[in-house]
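Okay, structure first, notes after.
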Amino acid sequence: MAGSTDEIKIMKKVTFCESVIDNSHKSCKDYKPRDKTSSKDNPTTDEQKDKKNHEWIQGYLRLAFGLSDPESLRVLDEVSVEGVARYIKDNKCKNIITMAGAGISTSAGVPDYRSQDGGLYDKEKEQHYTIDHFNDNPDIFYKWLKKLFPENLKPTLCHYFIRLLHEKGLLLRHYTQNIDALDQLAGLPREQLAEFYGSITTSYCMECNQVYSQDWLKEKILTGAEPECLEENCKGIVKPDILFHGEQFPPWLEELSSEDFCICDLLIILGASVKEQPFRNLSSKVWVNVPRLYINLEPPDPPSANMMMALMFGHTFDFDSEERYRDVFKQATCDDGCRQLADLIGWGEELDELFTQNGGCSDPKEIGDDISSQKQNGIKSSVGFLFGIL
């Protein structure tokens, strides 16, 4: 059943979607997860933001045209996972941004998106992922969404590593393309999250705007009942508060990312593709000297040989050249990569305790072997959400 009036008011404050179709007036647009205190260098006026953007572009251009020595930009004592661990351990960073895709949730039983061995996305049924198709055929969508609700869905070790960064006071923001809400289930505060495609935490009636909880929606989906509004004299369809193909990102996301990435001092990308927007551009939004750790089963495609094109369209990683000075690739599952990083920092026991006390998805000691065997054939962790980036 629908929650109480007070609960509904609270949930409506975090309603995500802003549709470009005809239901935009039914969604709240005022949610801006902005609770962490920013540094004194964070721009606050348009003039300061313009100055920061100019300096950011200038830094990349100087590097592209050989006017900056990459070694002079290096802040890691070693361009490796060990170097990143020491960078964190020695308190040289305090505004870490994590960017996550479907790869952080696969060990919880959530299918990834585009992998050949069980990915959710079907190119031939692309129209099923649009807002227009949902309006006409919500039952088809909900049958498909049922795959996102494994029984006893629980956060992974990687989710708890992100929470540990928060508890250490090091997490500036967690940007995610996933809609499974496992970040919140792991205990990450809402204000620390930037969900590009919303989440299944709440749903709302497309007719009267009544809000429903995740538990209510999950019960409907698992029993095969079409989620229909319970309000008197309303038979509207209940829609998860997520972004479909045909809807646009909330405007606050661009503003938030612009503010966050200019003060980020370490970027960690977890189980996400950087081939598609918005992560493609975001990965290059940090300053030219900021270390970037990429944990995934496969590296991203090689960047454009044309630096100017790479700057314009994002994705400028350099994992292999002799000039590399900040980019580190760890080929591993997200759980394995985060476990190694935690052990190197000296947080291994804390991570295990946090994971087991909160009932993580499996024994943390067994995660590596289980996932390695499941992924031996190279299943790709891809973009976490399922519609907006087709």
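Residue numbers start at 1 in each chain; chains themselves are named A, B, ... in the order of the structure tokens; ligands are numbered from 1 in the order shown.
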Sort by chain and increasing residue number a table of all residues of range 261-356 of chain A within 10 Å of range 181-202 of chain A, each with its closest pair of atoms and their distance in Å to one decimal, counting only C-alpha atoms, and write it as a tab-separated table.
residue	atom	partner	partner_atom	distance
A:Pro278	CA	A:Phe196	CA	8.4
A:Phe279	CA	A:Phe196	CA	9.7
A:Leu354	CA	A:Ala186	CA	9.5
A:Phe355	CA	A:Ala186	CA	8.7
Task: Distance criterion (only C-alpha atoms): nearest to Leu297 in chain A out of A:Asp90, A:Asp336, A:Glu322, A:Asp136 - done: A:Asp336
Task: Point-to-point distance from CA of Lys218 in chain A to CA of Cys334 in chain A, Å rounded to tenths - done: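 Interatomic distance, CA of Lys218 in chain A to CA of Cys334 in chain A: 26.2 Å.
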Listing only residues of range 129-176 of chain A within 12 Å of range 255-270 of chain A, what is the closest atom pair and its distance in Å (to one decimal) for each, using only C-alpha atoms, sorted by chain and residue number ascending, as a tab-separated table?
residue	atom	partner	partner_atom	distance
A:Cys158	CA	A:Leu270	CA	8.5
A:His159	CA	A:Leu270	CA	10.1
A:Phe161	CA	A:Leu270	CA	11.1
A:Ile162	CA	A:Ile268	CA	10.0
A:Leu165	CA	A:Ile268	CA	11.2
A:Leu170	CA	A:Leu266	CA	9.7
A:Leu171	CA	A:Cys264	CA	9.5
A:Leu172	CA	A:Asp260	CA	7.3
A:Arg173	CA	A:Asp260	CA	7.5
A:His174	CA	A:Ile268	CA	9.6
A:Tyr175	CA	A:Ser257	CA	8.9
A:Thr176	CA	A:Leu270	CA	9.4
Output file for the residues above (N, CA, C and O atoms, as a CSV table (one decimal), in the first residue's frame):
chain,number,residue,atom,x,y,z
A,158,CYS,N,32.0,-4.3,-3.2
A,158,CYS,CA,32.4,-3.0,-3.8
A,158,CYS,C,31.5,-1.9,-3.3
A,158,CYS,O,32.0,-0.8,-3.0
A,159,HIS,N,30.2,-2.1,-3.2
A,159,HIS,CA,29.3,-1.1,-2.6
A,159,HIS,C,29.7,-0.7,-1.2
A,159,HIS,O,29.7,0.5,-0.8
A,161,PHE,N,32.8,-0.9,0.0
A,161,PHE,CA,34.0,-0.2,-0.1
A,161,PHE,C,33.7,1.3,-0.3
A,161,PHE,O,34.4,2.2,0.3
A,162,ILE,N,32.7,1.6,-1.2
A,162,ILE,CA,32.3,3.0,-1.4
A,162,ILE,C,31.8,3.6,-0.1
A,162,ILE,O,32.1,4.8,0.2
A,165,LEU,N,34.7,4.6,2.0
A,165,LEU,CA,35.3,5.8,1.7
A,165,LEU,C,34.5,7.0,2.3
A,165,LEU,O,35.0,8.0,2.7
A,170,LEU,N,36.2,10.7,2.9
A,170,LEU,CA,37.0,10.9,1.7
A,170,LEU,C,36.1,11.0,0.5
A,170,LEU,O,36.6,11.4,-0.6
A,171,LEU,N,34.9,10.6,0.5
A,171,LEU,CA,34.0,10.5,-0.6
A,171,LEU,C,33.3,11.8,-0.9
A,171,LEU,O,32.5,12.3,-0.1
A,172,LEU,N,33.7,12.5,-2.0
A,172,LEU,CA,33.0,13.7,-2.4
A,172,LEU,C,31.6,13.3,-2.9
A,172,LEU,O,30.6,13.9,-2.6
A,173,ARG,N,31.5,12.4,-3.9
A,173,ARG,CA,30.3,12.0,-4.5
A,173,ARG,C,30.4,10.6,-5.2
A,173,ARG,O,31.5,10.3,-5.7
A,174,HIS,N,29.3,9.9,-5.2
A,174,HIS,CA,29.3,8.6,-5.9
A,174,HIS,C,28.3,8.8,-7.1
A,174,HIS,O,27.1,9.0,-6.9
A,175,TYR,N,28.9,8.8,-8.3
A,175,TYR,CA,28.1,8.9,-9.5
A,175,TYR,C,27.8,7.5,-10.0
A,175,TYR,O,28.7,6.7,-10.2
A,176,THR,N,26.5,7.2,-10.3
A,176,THR,CA,26.2,5.8,-10.8
A,176,THR,C,25.2,5.9,-11.9
A,176,THR,O,24.4,6.8,-12.0
